[in-house]
>>> print(open('input22.tsv').read())   # TSV, C-alpha atoms
chain	number	residue	atom	x	y	z
R	28	MET	CA	-52.32	30.28	-26.11
R	29	ILE	CA	-52.64	30.30	-22.35
R	30	LEU	CA	-50.06	31.96	-20.20
R	31	PRO	CA	-50.72	30.63	-16.68
R	32	ALA	CA	-48.17	32.89	-14.98
R	33	VAL	CA	-49.72	35.97	-16.57
R	34	ILE	CA	-53.19	34.86	-15.52
R	35	TYR	CA	-52.08	34.28	-11.91
R	36	PHE	CA	-50.32	37.63	-11.79
R	37	LEU	CA	-53.32	39.51	-13.20
R	38	GLY	CA	-55.71	37.63	-10.92
R	39	ALA	CA	-53.58	38.46	-7.86
R	40	SER	CA	-53.36	42.11	-8.92
R	41	ALA	CA	-57.14	42.28	-9.36
R	42	ALA	CA	-57.70	40.69	-5.94
R	43	LEU	CA	-55.23	43.09	-4.31
R	44	ALA	CA	-56.90	46.10	-5.94
R	45	THR	CA	-60.33	44.89	-4.74
R	46	LEU	CA	-58.93	44.44	-1.23
R	47	LEU	CA	-57.49	47.98	-1.29
R	48	MET	CA	-60.87	49.25	-2.46
R	49	LEU	CA	-62.41	47.89	0.73
R	50	PHE	CA	-60.23	50.18	2.84
R	51	GLN	CA	-60.12	53.21	0.55
R	52	ARG	CA	-62.16	56.10	1.90
R	53	ASN	CA	-61.76	58.48	-1.04
R	54	PRO	CA	-64.42	57.59	-3.68
R	55	VAL	CA	-62.33	58.74	-6.65
R	56	LYS	CA	-59.36	56.64	-5.53
R	57	ALA	CA	-61.75	53.71	-5.06
R	58	ALA	CA	-62.96	54.26	-8.64
R	59	MET	CA	-59.36	54.19	-9.88
R	60	LEU	CA	-58.77	50.92	-8.03
R	61	MET	CA	-61.91	49.55	-9.67
R	62	LEU	CA	-60.46	50.61	-13.02
R	63	THR	CA	-57.34	48.57	-12.18
R	64	VAL	CA	-59.48	45.51	-11.48
R	65	LEU	CA	-61.33	45.94	-14.78
R	66	LEU	CA	-58.11	46.33	-16.76
R	67	CYS	CA	-56.60	43.26	-15.07
R	68	THR	CA	-59.75	41.36	-16.09
R	69	ALA	CA	-59.23	42.52	-19.67
R	70	GLY	CA	-55.70	41.13	-19.45
R	71	ILE	CA	-57.04	37.79	-18.20
R	72	TYR	CA	-59.43	37.65	-21.18
R	73	LEU	CA	-56.54	38.38	-23.50
R	74	ALA	CA	-54.48	35.59	-21.93
R	75	LEU	CA	-57.46	33.26	-22.40
R	76	SER	CA	-57.50	34.12	-26.12
R	77	ALA	CA	-60.76	36.04	-25.88
R	78	GLN	CA	-59.60	39.11	-27.75
R	79	LEU	CA	-63.05	40.51	-28.54
R	80	LEU	CA	-64.07	40.31	-24.89
R	81	ALA	CA	-60.83	41.99	-23.82
R	82	ALA	CA	-61.47	44.88	-26.21
R	83	LEU	CA	-65.09	45.18	-25.10
R	84	GLN	CA	-64.03	45.03	-21.46
R	85	VAL	CA	-61.78	48.03	-21.98
R	86	ILE	CA	-64.32	49.95	-24.07
R	87	LEU	CA	-67.48	49.13	-22.15
R	88	TYR	CA	-66.44	48.52	-18.55
R	89	ALA	CA	-63.26	50.57	-18.21
R	90	GLY	CA	-64.55	53.23	-20.60
R	91	ALA	CA	-68.29	53.69	-20.43
R	92	ILE	CA	-69.20	52.35	-17.01
R	93	MET	CA	-66.23	53.97	-15.25
R	94	THR	CA	-67.12	57.31	-16.85
R	95	LEU	CA	-70.65	56.91	-15.48
R	96	PHE	CA	-69.26	56.26	-12.00
R	97	ILE	CA	-66.92	59.25	-12.12
R	98	VAL	CA	-69.78	61.49	-13.29
R	99	ALA	CA	-72.03	60.15	-10.53
R	100	ILE	CA	-69.33	60.81	-7.91
R	101	THR	CA	-68.77	64.30	-9.29
R	102	VAL	CA	-72.42	65.37	-9.37
R	103	THR	CA	-73.25	64.00	-5.93
R	104	PRO	CA	-71.24	65.94	-3.35
R	105	GLN	CA	-72.72	63.62	-0.74
R	106	ALA	CA	-70.41	60.90	-2.06
R	107	TRP	CA	-67.44	62.87	-0.76
R	108	ARG	CA	-68.77	62.90	2.76
R	109	ASP	CA	-68.54	59.16	3.11
R	110	ARG	CA	-68.48	58.00	6.65
R	111	PRO	CA	-66.71	54.83	7.71
R	112	ALA	CA	-68.75	51.66	7.48
R	113	PRO	CA	-71.88	51.44	9.63
R	114	GLY	CA	-70.90	49.57	12.76
R	115	ARG	CA	-68.36	47.11	13.93
R	116	LEU	CA	-70.92	44.33	14.23
R	117	ALA	CA	-72.24	44.95	10.72
R	118	ARG	CA	-68.71	44.92	9.34
R	119	VAL	CA	-67.80	41.68	11.13
R	120	LEU	CA	-71.06	40.07	10.00
R	121	GLY	CA	-70.45	41.19	6.41
R	122	LEU	CA	-66.93	39.78	6.37
R	123	ALA	CA	-68.13	36.52	7.95
R	124	ALA	CA	-70.85	36.20	5.31
R	125	ALA	CA	-68.29	36.80	2.55
R	126	ALA	CA	-65.94	34.19	4.05
R	127	ALA	CA	-68.84	31.73	4.19
R	128	ILE	CA	-69.60	32.42	0.51
R	129	LEU	CA	-65.95	31.75	-0.42
R	130	ALA	CA	-65.79	28.54	1.61
R	131	GLU	CA	-69.02	27.32	0.07
R	132	LEU	CA	-67.91	28.18	-3.47
R	133	LEU	CA	-64.59	26.40	-3.01
R	134	LYS	CA	-66.35	23.37	-1.54
R	135	VAL	CA	-68.81	23.20	-4.41
R	136	SER	CA	-66.08	23.59	-7.00
R	137	ALA	CA	-63.95	20.77	-5.56
R	138	GLY	CA	-65.35	18.60	-8.35
R	139	ILE	CA	-63.60	20.60	-11.03
R	140	LYS	CA	-60.14	20.08	-9.52
R	141	ALA	CA	-59.46	17.25	-11.93
R	142	LEU	CA	-60.91	19.08	-14.90
R	143	SER	CA	-58.80	20.93	-17.35
R	144	THR	CA	-60.12	23.84	-19.32
R	145	GLY	CA	-61.09	23.40	-22.92
R	146	PRO	CA	-58.75	24.43	-25.68
R	147	PHE	CA	-58.68	28.22	-25.69
R	148	SER	CA	-58.43	28.56	-29.41
R	149	GLU	CA	-58.82	32.05	-30.74
R	150	THR	CA	-62.48	32.81	-31.24
R	151	GLY	CA	-63.02	35.45	-33.84
R	152	THR	CA	-65.99	37.72	-34.14
R	153	LEU	CA	-67.48	35.39	-36.74
R	154	GLY	CA	-67.83	32.52	-34.27
R	155	ILE	CA	-69.43	34.75	-31.65
R	156	ALA	CA	-71.74	36.34	-34.23
R	157	ARG	CA	-72.83	32.88	-35.39
R	158	GLU	CA	-73.62	32.02	-31.79
R	159	LEU	CA	-75.46	35.28	-31.09
R	160	PHE	CA	-77.53	35.27	-34.26
R	161	GLY	CA	-77.93	31.51	-34.40
R	162	ARG	CA	-78.62	29.49	-31.30
R	163	SER	CA	-78.86	32.43	-28.87
R	164	ILE	CA	-81.00	34.70	-31.03
R	165	PHE	CA	-83.92	34.65	-28.57
R	166	GLN	CA	-81.73	35.67	-25.62
R	167	PHE	CA	-80.08	38.32	-27.78
R	168	GLU	CA	-83.44	39.82	-28.75
R	169	LEU	CA	-84.58	39.75	-25.11
R	170	LEU	CA	-81.41	41.61	-24.21
R	171	GLY	CA	-82.42	44.41	-26.57
R	172	LEU	CA	-85.72	44.66	-24.71
R	173	ALA	CA	-83.89	44.79	-21.35
R	174	ILE	CA	-81.62	47.58	-22.57
R	175	LEU	CA	-84.62	49.53	-23.88
R	176	ALA	CA	-86.32	49.17	-20.49
R	177	ALA	CA	-83.11	50.36	-18.78
R	178	ILE	CA	-82.90	53.43	-21.04
R	179	VAL	CA	-86.56	54.32	-20.41
R	180	GLY	CA	-86.12	53.77	-16.67
R	181	ALA	CA	-82.96	55.90	-16.47
R	182	ALA	CA	-84.58	58.69	-18.51
R	183	ALA	CA	-87.71	58.61	-16.33
R	184	LEU	CA	-85.58	58.83	-13.19
R	185	ALA	CA	-83.45	61.64	-14.55
R	186	LEU	CA	-86.36	63.81	-15.69
R	187	LYS	CA	-87.40	66.36	-13.15
R	188	ARG	CA	-90.96	66.18	-11.98
R	189	ARG	CA	-92.83	69.29	-12.91
R	190	PRO	CA	-95.95	70.25	-10.97
R	191	LEU	CA	-99.16	69.70	-12.88
R	192	PRO	CA	-100.72	72.88	-14.27
G	18	MET	CA	-54.31	24.31	-17.85
G	19	ASN	CA	-56.24	23.17	-14.80
G	20	ALA	CA	-59.63	24.79	-14.45
G	21	TYR	CA	-59.46	25.10	-10.67
G	22	PRO	CA	-57.05	28.08	-10.39
G	23	LEU	CA	-59.16	30.02	-12.86
G	24	ALA	CA	-62.27	29.24	-10.84
G	25	ALA	CA	-60.46	30.18	-7.63
G	26	ILE	CA	-59.45	33.58	-9.07
G	27	SER	CA	-63.03	34.28	-10.03
G	28	PHE	CA	-64.37	33.11	-6.66
G	29	LEU	CA	-61.83	35.21	-4.77
G	30	LEU	CA	-62.73	38.33	-6.73
G	31	PHE	CA	-66.44	37.62	-6.22
G	32	THR	CA	-66.00	37.13	-2.47
G	33	LEU	CA	-63.91	40.27	-2.00
G	34	ALA	CA	-66.50	42.26	-3.92
G	35	ALA	CA	-69.29	40.67	-1.87
G	36	ALA	CA	-67.42	41.60	1.34
G	37	GLY	CA	-67.17	45.18	0.11
G	38	PHE	CA	-70.84	45.24	-0.81
G	39	LEU	CA	-71.87	43.95	2.60
G	40	THR	CA	-69.61	46.16	4.71
G	41	CYS	CA	-69.67	49.56	3.01
G	42	GLY	CA	-72.42	52.02	3.67
G	43	SER	CA	-72.28	54.30	0.66
G	44	LEU	CA	-74.62	53.60	-2.26
G	45	VAL	CA	-72.05	54.51	-4.96
G	46	ARG	CA	-69.56	52.12	-3.42
G	47	MET	CA	-72.18	49.38	-3.17
G	48	LEU	CA	-72.91	49.72	-6.88
G	49	MET	CA	-69.17	49.60	-7.65
G	50	PHE	CA	-68.81	46.34	-5.73
G	51	LEU	CA	-71.93	44.99	-7.44
G	52	GLU	CA	-70.28	45.63	-10.82
G	53	LEU	CA	-67.15	43.85	-9.63
G	54	MET	CA	-69.24	40.83	-8.59
G	55	LEU	CA	-70.74	40.71	-12.08
G	56	ASN	CA	-67.24	41.04	-13.51
G	57	ALA	CA	-66.04	38.05	-11.45
G	58	ALA	CA	-68.99	36.00	-12.67
G	59	ASN	CA	-68.03	36.92	-16.22
G	60	ILE	CA	-64.48	35.63	-15.68
G	61	ALA	CA	-65.88	32.31	-14.46
G	62	LEU	CA	-68.15	32.12	-17.49
G	63	VAL	CA	-65.31	32.66	-19.97
G	64	ALA	CA	-62.77	30.51	-18.15
G	65	LEU	CA	-65.00	27.54	-17.38
G	66	GLY	CA	-67.43	27.65	-20.30
G	67	PRO	CA	-67.39	24.30	-22.10
G	68	ALA	CA	-67.68	25.65	-25.63
G	69	GLN	CA	-65.73	28.82	-26.30
G	70	PRO	CA	-67.86	30.76	-28.81
G	71	GLN	CA	-70.95	30.07	-26.72
G	72	ALA	CA	-69.33	31.10	-23.43
G	73	GLN	CA	-67.99	34.28	-24.98
G	74	ALA	CA	-71.38	35.10	-26.48
G	75	TYR	CA	-72.97	34.79	-23.04
G	76	ALA	CA	-70.20	36.91	-21.51
G	77	LEU	CA	-70.93	39.53	-24.16
G	78	MET	CA	-74.59	39.54	-23.15
G	79	LEU	CA	-73.54	39.96	-19.51
G	80	PHE	CA	-71.57	43.06	-20.54
G	81	ALA	CA	-74.78	44.58	-21.86
G	82	VAL	CA	-76.64	43.63	-18.68
G	83	ALA	CA	-73.88	45.24	-16.58
G	84	ALA	CA	-74.05	48.43	-18.64
G	85	ALA	CA	-77.84	48.61	-18.28
G	86	GLU	CA	-77.56	47.94	-14.55
G	87	ALA	CA	-74.97	50.67	-14.07
G	88	GLY	CA	-77.12	53.17	-16.00
G	89	VAL	CA	-80.28	52.54	-14.02
G	90	GLY	CA	-78.39	52.20	-10.72
G	91	LEU	CA	-76.58	55.50	-11.08
G	92	ALA	CA	-79.77	57.28	-12.20
G	93	LEU	CA	-81.42	55.92	-9.04
G	94	ILE	CA	-78.50	57.03	-6.89
G	95	ILE	CA	-78.57	60.56	-8.30
G	96	ALA	CA	-82.34	60.74	-7.74
G	97	LEU	CA	-81.90	59.46	-4.16
G	98	ALA	CA	-79.09	61.93	-3.50
G	99	ALA	CA	-81.34	64.78	-4.68
G	100	ALA	CA	-84.26	63.59	-2.55
G	101	PHE	CA	-82.51	62.60	0.68
G	102	LYS	CA	-79.33	64.74	0.54
G	103	THR	CA	-77.32	61.71	1.60
G	104	LEU	CA	-75.80	58.62	0.04
G	105	GLU	CA	-75.45	56.59	3.20
G	106	ALA	CA	-77.69	53.55	2.93
G	107	GLU	CA	-78.49	53.56	6.64
G	108	ASN	CA	-79.85	57.11	6.47
G	109	ILE	CA	-82.31	56.27	3.71
G	110	LYS	CA	-85.17	54.60	5.49
G	111	GLU	CA	-88.26	56.01	3.86
G	112	LEU	CA	-89.40	54.53	0.59
G	113	LYS	CA	-92.83	56.12	0.64
G	114	GLY	CA	-93.51	58.87	-1.66
>>> encode(input="input22.tsv", output="structure tokens")
Amino acid sequence: MILPAVIYFLGASAALATLLMLFQRNPVKAAMLMLTVLLCTAGIYLALSAQLLAALQVILYAGAIMTLFIVAITVTPQAWRDRPAPGRLARVLGLAAAAAILAELLKVSAGIKALSTGPFSETGTLGIARELFGRSIFQFELLGLAILAAIVGAAALALKRRPLP
Amino acid sequence: MNAYPLAAISFLLFTLAAAGFLTCGSLVRMLMFLELMLNAANIALVALGPAQPQAQAYALMLFAVAAAEAGVGLALIIALAAAFKTLEAENIKELKG
């Protein structure tokens, strides 16, 4: 079941939180605003009848990834000494580039104005598992390799270099 | 429901995150905005995917990619903070070493 009003409200809340993040100087408050965006996204998934994704969004994004960010902010005192954005010109150029991206995206997506979304029937874990272990098995296996590489890379970066004997 | 508002929500979130990524100077913040851009792409994938189980399966894979990216990115940031004693991107100019 789709609840358009709920989706619009959650989308607007997420956009507002992202906008506030842009002007928030305190990194922990910015992380909390990011948490708001992620929870609003989970709500959008729920409204789109993607219950598994909503649960994973809360567990993985709002749980695991946010914890990582908070730990990173805590262990790097440099993060607290954030200065305002580089220069006025850089800021204006960045905003102009973002506006150009939005304009281009909206122009490209004009073709889907007439389209309506497919039926958002509830997709259980069985359907997703069939997809993951059926047609998308190669991509799924490659993903395992990517995660292994990420773990090895993170461990290698975290290990302190000891001088050779 | 029309697909356009859903696409517009995702595009708006992506653009705001891109604006944040381009204008902020701190590495932690840049990684946060990068995650939000990936999140916006995920919304578009779920909302506009033609076949629902397939779109959700791909979104699930993107979750894993985002988690891996955050892990490596934050490990890099902590290593950079230890080496350069700063997290401002403009102060980190040397990659040699």
>>> closest_residue(input="input22.tsv", among="G:Thr32, G:Thr103, G:Ser27, G:Gln73", to="Ala39 in chain R", atoms="only C-alpha atoms")
G:Ser27
>>> interface_residues(input="input22.tsv", of="chain G", to="chain R", cutoff="6 Å", atoms="all atoms listed in the file", output="PyMOL selection string")
chain G and resi 18-21+26+30+32+35-37+39-42+70+74+85+89+92+103-104
>>> write_last_selection(input="input22.tsv", atoms="C-alpha atoms", output="short mmCIF file (atom, residue, chain, number, x, y, z; two decimals), in the frame of the given file")
data_model
loop_
_atom_site.label_atom_id
_atom_site.label_comp_id
_atom_site.auth_asym_id
_atom_site.auth_seq_id
_atom_site.Cartn_x
_atom_site.Cartn_y
_atom_site.Cartn_z
CA MET G 18 -54.31 24.31 -17.85
CA ASN G 19 -56.24 23.17 -14.80
CA ALA G 20 -59.63 24.79 -14.45
CA TYR G 21 -59.46 25.10 -10.67
CA ILE G 26 -59.45 33.58 -9.07
CA LEU G 30 -62.73 38.33 -6.73
CA THR G 32 -66.00 37.13 -2.47
CA ALA G 35 -69.29 40.67 -1.87
CA ALA G 36 -67.42 41.60 1.34
CA GLY G 37 -67.17 45.18 0.11
CA LEU G 39 -71.87 43.95 2.60
CA THR G 40 -69.61 46.16 4.71
CA CYS G 41 -69.67 49.56 3.01
CA GLY G 42 -72.42 52.02 3.67
CA PRO G 70 -67.86 30.76 -28.81
CA ALA G 74 -71.38 35.10 -26.48
CA ALA G 85 -77.84 48.61 -18.28
CA VAL G 89 -80.28 52.54 -14.02
CA ALA G 92 -79.77 57.28 -12.20
CA THR G 103 -77.32 61.71 1.60
CA LEU G 104 -75.80 58.62 0.04
#
>>> closest_residue(input="input22.tsv", among="G:Ala106, G:Ala99, G:Leu91, G:Ala84", to="Ile86 in chain R", atoms="only C-alpha atoms")
G:Ala84
>>> atom_distance(input="input22.tsv", atom1="CA of Phe80 in chain G", atom2="CA of Glu52 in chain G")
10.1 Å
>>> decode(input="input22.tsv", residues="range 47-84 of chain R", atoms="N, CA and C atoms", output="CSV table (one decimal), in the first residue's frame")
chain,number,residue,atom,x,y,z
R,47,LEU,N,19.8,21.4,6.6
R,47,LEU,CA,20.3,21.9,7.9
R,47,LEU,C,21.8,21.4,8.2
R,48,MET,N,22.0,20.2,7.6
R,48,MET,CA,23.4,19.6,7.8
R,48,MET,C,24.4,20.5,7.1
R,49,LEU,N,24.0,21.1,6.0
R,49,LEU,CA,24.9,22.0,5.2
R,49,LEU,C,25.4,23.2,6.1
R,50,PHE,N,24.6,23.6,7.0
R,50,PHE,CA,24.9,24.8,7.8
R,50,PHE,C,25.3,24.5,9.2
R,51,GLN,N,25.3,23.2,9.6
R,51,GLN,CA,25.6,22.8,10.9
R,51,GLN,C,27.1,22.7,11.1
R,52,ARG,N,27.7,23.5,12.1
R,52,ARG,CA,29.1,23.5,12.2
R,52,ARG,C,29.6,22.4,13.2
R,53,ASN,N,28.7,22.0,14.1
R,53,ASN,CA,29.1,21.0,15.1
R,53,ASN,C,29.0,19.6,14.4
R,54,PRO,N,30.1,18.8,14.4
R,54,PRO,CA,30.0,17.5,13.7
R,54,PRO,C,29.1,16.5,14.3
R,55,VAL,N,28.9,16.5,15.6
R,55,VAL,CA,28.0,15.5,16.2
R,55,VAL,C,26.5,15.9,15.9
R,56,LYS,N,26.2,17.2,15.9
R,56,LYS,CA,24.9,17.6,15.5
R,56,LYS,C,24.6,17.2,14.0
R,57,ALA,N,25.7,17.4,13.2
R,57,ALA,CA,25.5,17.0,11.8
R,57,ALA,C,25.3,15.5,11.7
R,58,ALA,N,25.9,14.7,12.5
R,58,ALA,CA,25.7,13.3,12.5
R,58,ALA,C,24.3,13.0,12.9
R,59,MET,N,23.7,13.7,13.9
R,59,MET,CA,22.4,13.4,14.3
R,59,MET,C,21.4,13.8,13.2
R,60,LEU,N,21.7,14.9,12.4
R,60,LEU,CA,20.8,15.3,11.3
R,60,LEU,C,20.9,14.2,10.2
R,61,MET,N,22.1,13.6,10.0
R,61,MET,CA,22.2,12.5,9.1
R,61,MET,C,21.4,11.3,9.5
R,62,LEU,N,21.4,11.1,10.8
R,62,LEU,CA,20.6,10.0,11.3
R,62,LEU,C,19.1,10.2,11.0
R,63,THR,N,18.7,11.5,11.1
R,63,THR,CA,17.3,11.8,10.8
R,63,THR,C,17.0,11.5,9.3
R,64,VAL,N,17.9,11.9,8.4
R,64,VAL,CA,17.7,11.6,7.0
R,64,VAL,C,17.6,10.1,6.8
R,65,LEU,N,18.5,9.3,7.4
R,65,LEU,CA,18.5,7.9,7.2
R,65,LEU,C,17.2,7.2,7.8
R,66,LEU,N,16.7,7.7,8.9
R,66,LEU,CA,15.4,7.2,9.4
R,66,LEU,C,14.2,7.6,8.5
R,67,CYS,N,14.2,8.8,8.0
R,67,CYS,CA,13.2,9.2,7.1
R,67,CYS,C,13.2,8.3,5.9
R,68,THR,N,14.4,8.0,5.4
R,68,THR,CA,14.5,7.0,4.2
R,68,THR,C,13.9,5.7,4.6
R,69,ALA,N,14.2,5.2,5.8
R,69,ALA,CA,13.6,3.9,6.2
R,69,ALA,C,12.1,4.0,6.2
R,70,GLY,N,11.5,5.2,6.6
R,70,GLY,CA,10.1,5.4,6.5
R,70,GLY,C,9.6,5.3,5.1
R,71,ILE,N,10.3,5.9,4.2
R,71,ILE,CA,9.9,5.9,2.8
R,71,ILE,C,9.9,4.5,2.3
R,72,TYR,N,10.9,3.7,2.6
R,72,TYR,CA,10.9,2.3,2.2
R,72,TYR,C,9.7,1.6,2.7
R,73,LEU,N,9.4,1.9,4.0
R,73,LEU,CA,8.2,1.2,4.6
R,73,LEU,C,6.9,1.6,3.9
R,74,ALA,N,6.8,2.9,3.5
R,74,ALA,CA,5.6,3.3,2.8
R,74,ALA,C,5.6,2.7,1.4
R,75,LEU,N,6.7,2.3,0.9
R,75,LEU,CA,6.8,1.7,-0.5
R,75,LEU,C,6.7,0.2,-0.4
R,76,SER,N,6.3,-0.3,0.8
R,76,SER,CA,6.1,-1.7,1.0
R,76,SER,C,7.4,-2.5,0.9
R,77,ALA,N,8.5,-1.9,1.2
R,77,ALA,CA,9.8,-2.6,1.2
R,77,ALA,C,10.3,-2.8,2.6
R,78,GLN,N,9.6,-3.7,3.3
R,78,GLN,CA,9.8,-3.8,4.8
R,78,GLN,C,11.2,-4.3,5.1
R,79,LEU,N,11.7,-5.3,4.3
R,79,LEU,CA,13.1,-5.8,4.6
R,79,LEU,C,14.1,-4.7,4.5
R,80,LEU,N,14.0,-3.9,3.4
R,80,LEU,CA,14.9,-2.8,3.2
R,80,LEU,C,14.8,-1.7,4.3
R,81,ALA,N,13.6,-1.5,4.8
R,81,ALA,CA,13.4,-0.5,5.9
R,81,ALA,C,14.1,-1.0,7.2
R,82,ALA,N,14.0,-2.3,7.4
R,82,ALA,CA,14.6,-2.9,8.6
R,82,ALA,C,16.2,-2.8,8.5
R,83,LEU,N,16.6,-3.2,7.3
R,83,LEU,CA,18.1,-3.1,7.0
R,83,LEU,C,18.6,-1.7,7.1
R,84,GLN,N,17.8,-0.8,6.6
R,84,GLN,CA,18.2,0.6,6.6
R,84,GLN,C,18.5,1.1,8.1
